[in-house]
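J.: Have a look at this one.
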Amino acid sequence: MRIITARRISQIFFVLLFIWFCVVATLGERWWQLRGWPVNWLLQLDPLHALGLWLATHTLYRGMLWGVLTLALTFVLGRFFCGWICPFGALQQLMGVLGKKGLKPAQRIVRNRPHAAQRIKYWVLLFVLALAAADMMDFVVSSSRQASLVFWGGSAAAVVVFVALHVFQWIQVRRDVAFIVVALMAGGLLFEWMAPQARWLAVSLQTGLLDPIALMHRSVNLVVVPLVDGPLKVTSALPRVYPGSFLIGLLFLLFLLLSLRVPRFYCRFVCPLGALFGLCSRWSIWRIGQAGDGCTHCLQCERDCEGACAPAETIRISECVLCLNCLDRCGHGVMGYHLAPSAAGESASPDLSRRQVMVALAAGLVSAPVMRLDGSAGADWNPNVIRPPGALSEEAFLARCIKCGQCMRICPTNVIHPAGLQGGLEGLWTPMLNFRVGSSGCQHNCVACSFVCPTAALRPISVDERMGRGAFAGSGPLRIGMAFVDRGRCLPWAMDTPCIVCQENCPVSPKAIFTREEFRPVRGGLYKVKTAEGHTLVLQTTALRQDQYATGDYFCRYADEPPCPIAANKDDSLTLGLQPVWSRLPEPGQPIEVLIRLQQPYVDPTRCIGCGVCEHECPVQGRRAIRVTAENESRNLSHRLVLP
């Protein structure tokens with residue numbers, strides 16, 4: 001079997017596996033639905049997420065150890081993930097194959113030449129890692145204080161090992177690397193001197209914005225699956241709706257279409273994961289290169305080069321995605337995949353200057369504090385940003401969420417959606433709840449989103465904790481927000497129209513929404529009695545409609561008598577209920593008044609959990625008459641409305 005065929009089989013397998021994981025991320029009882037399928041496995045294979053989470057939270061989740069394995073294999077094999085596993089890389093390569101149809105070999109070679117813009121992905125990588133690592137100075141300083149002997153002893157040992165490796169020429173220390181290390185140490189000392197307890201270096205995990213695996217999950221889950229499955233109804237009985245998915249789909253389509261013009265456009269110029277693999281692959285044991293002096297400079301190896309790594313000359317190891325097309329195209333047996341360096345020379349390091357590295361790192365360090373100046377994660381938090389059940393406090397949530405869309409995909413009622421700029425720029429595409437769409441609100445007994453989250457930004461919670469049962473009875477049910485009645489839009493409050501939909505659909509027991517009765521005169525409901533006999537009052541009018549007042553919400557009152565329910569009416573008469581409460585009937589010519597009974601809703605803040613069922617079912621279209629906000633949520637005690 002040709003090596004190219006093996007690579008294509010691997011790419012097809014992982015693309016199909018990715019699609020399968022997206023399909024089975026469906027809540028249900030069928031064998032193909034979520035039944036232990038490792039739907040987050042490809043996300044866990046991504047070392048960029050593992051590195052970002054470790055920098056932001058100083059912890060490494062067990063599932064993210066797969067990413068450590070991927071990184072370790074990169075040191076052995078090179079960028080095998082990009083060329084053999086990454087599903088987005090496979091789609092990019094497919095588009096590149098379609099785009100080069102009809103081009104002459106010389107034109108293909110020109111399109112695959114190295115470009116200076118390939119360094120952009122390294123800028124992106126340094127920027128997002130600096131965003132996540134801004135808090136590391138505080139972590140280092142606190143570690144040095146709490147366990148000074150262990151910390152300084154370990155640091156000294158690391159320095160000795162590093163110097164020894166350099167002395168024995170196993171690694172080479174460039175001036176710019178030494179400069180960066182010294183700058184970081186100086187920054188740490190400056191941080192400790194200026195404000196040891198201050199939080200002026202904020203943490204924000206933004207690796208998921210441009211990471212290819214998160215981008216694929218987000219695009220397929222929120223755009224492709226709803227479009228394809230709309231008529232098929234395999235993963236959902238009702239069409240799925242995701243407000244804000246247009247931008248997600250537009251970027252996904254744009255990156256694919258750009259690959260028609262430039263092969264693997266995203267991989268070459270944008271992908272931060274590819275940049276991470278590129279930095280690690282400079283030390284890879286196995287590598288692509290020329291063996292011997294038999295090269296005729298026919299440039300056939302560059303005809304289909306996916307990484308634009310110039311294999312015919314001084315090869316750029318950090319750009320090689322192991323597509324192995326050069327091995328297949330070389331008709332002289334010069335190109336090979338072996339342990340020895342390329343005979344034509346190698347350029348192991350990316351084309352970055354010290355100034356570019358420092359600017360990218362500095363931009364990442366200051367971006368999070370600048371984004372936090374709007375107060376969206378603090379004092380000026382937006383109560384309309386309602387996070388799913390199990391969400392950590394906002395700062396901790398933003399330090400863990402990779403914007404993969406898994407929680408949105410698994411939600412059975414389709415109320416979890418990608419956020420726009422409601423929660424600030426750093427909250428873009430993070431999950432928030434929108435109760436106007438979907439099939440219902442956030443179901444009280446559902447905890448699916450918290451269990452499918454790959455990074456514990458939504459911590460796993462049990463049904464008992466969600467509902468406040470068993471061991472959690474003392475703390476009560478988990479609250480994600482609270483409902484507020486807009487009396488200016490509520491039918492019973494503002495429009496003299498009976499409605500108890502919100503109270504009827506409240507799932508909490510005892511109900512968090514209760515009503516109070518009020519009787520109001522009906523507009524134009526003052527009549528004079530012609531005759532009164534038994535339960536029937538004949539009126540001096542014929543303007544009534546048949547059963548106009550027969551809904552059970554209308555009452556009749558005269559003089560000081562209490563209201564009596566109206567059972568039916570004709571165009572000139574009213575029929576009272578079976579048990580009139582009047583002590584005497586009205587005399588002919590005596591006025592009576594028709595009243596409407598309104599059951600006006602109120603919300604009990606001690607019982608409301610913010611599930612949003614009331615908002616979803618409210619018959620007032622557009623801006624609902626009862627709306628849920630994040631106030632009184634359990635995850636942040638400063639947002640609560642009721643004192644303990």
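Every chain in the structure tokens has a letter given in the order shown (A, B, ...), and although residue numbers restart at 1 in each chain, ligands are simply numbered from 1 in the order shown.
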Name the residues of segment 189-436 of chain A that come out as alpha helix (DSSP H) in a backbone DSSP run; write them as a PyMOL selection string.
T.: chain A and resi 189-194+212-219+225-232+245-261+265-269+272-281+325-329+354-372+394-398+406-410
J.: Would you list, as a list in words, the residues of segment 261-509 of chain A that end up in strand (DSSP E or B) under DSSP run on this structure's backbone?
T.: Arg287, Ile288, Gly289, Gln290, Ile315, Arg316, Met335, Gly336, Tyr337, His338, Glu346, Ser347, Ala391, Ile416, His417, Pro418, Pro431, Met432, Leu433, Leu458, Met482, Ala483, Phe484 and Val485 of chain A
J.: Skipping near chain neighbours, those fewer than 3 positions away, what residues fall within 7 Å of Glu302 of chain A using only C-alpha atoms, listed as a list of chain:residue names?
T.: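 Non-adjacent residues within range: A:Ile109, A:Asn112, A:Leu299, A:Cys305, A:Ala310, A:Pro311, A:Ala312, A:Cys326.
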J.: So which residues touch segment 631-640 of chain A within 6 Å, counting only C-alpha atoms, skipping near sequence neighbours fewer than 2 positions away, as a list in words?
T.: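 Non-adjacent residues within range: Ser393, Arg479, Ile480, Gly481, Met482, Thr629 and Val642 of chain A.
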J.: From the list A:Val39, A:Cys446, A:Cys404, A:Val68, which residue is nearest Gly390 of chain A when using only C-alpha atoms?
T.: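 Looking only at the distances to Gly390 of chain A, the closest residue turns out to be A:Cys446.
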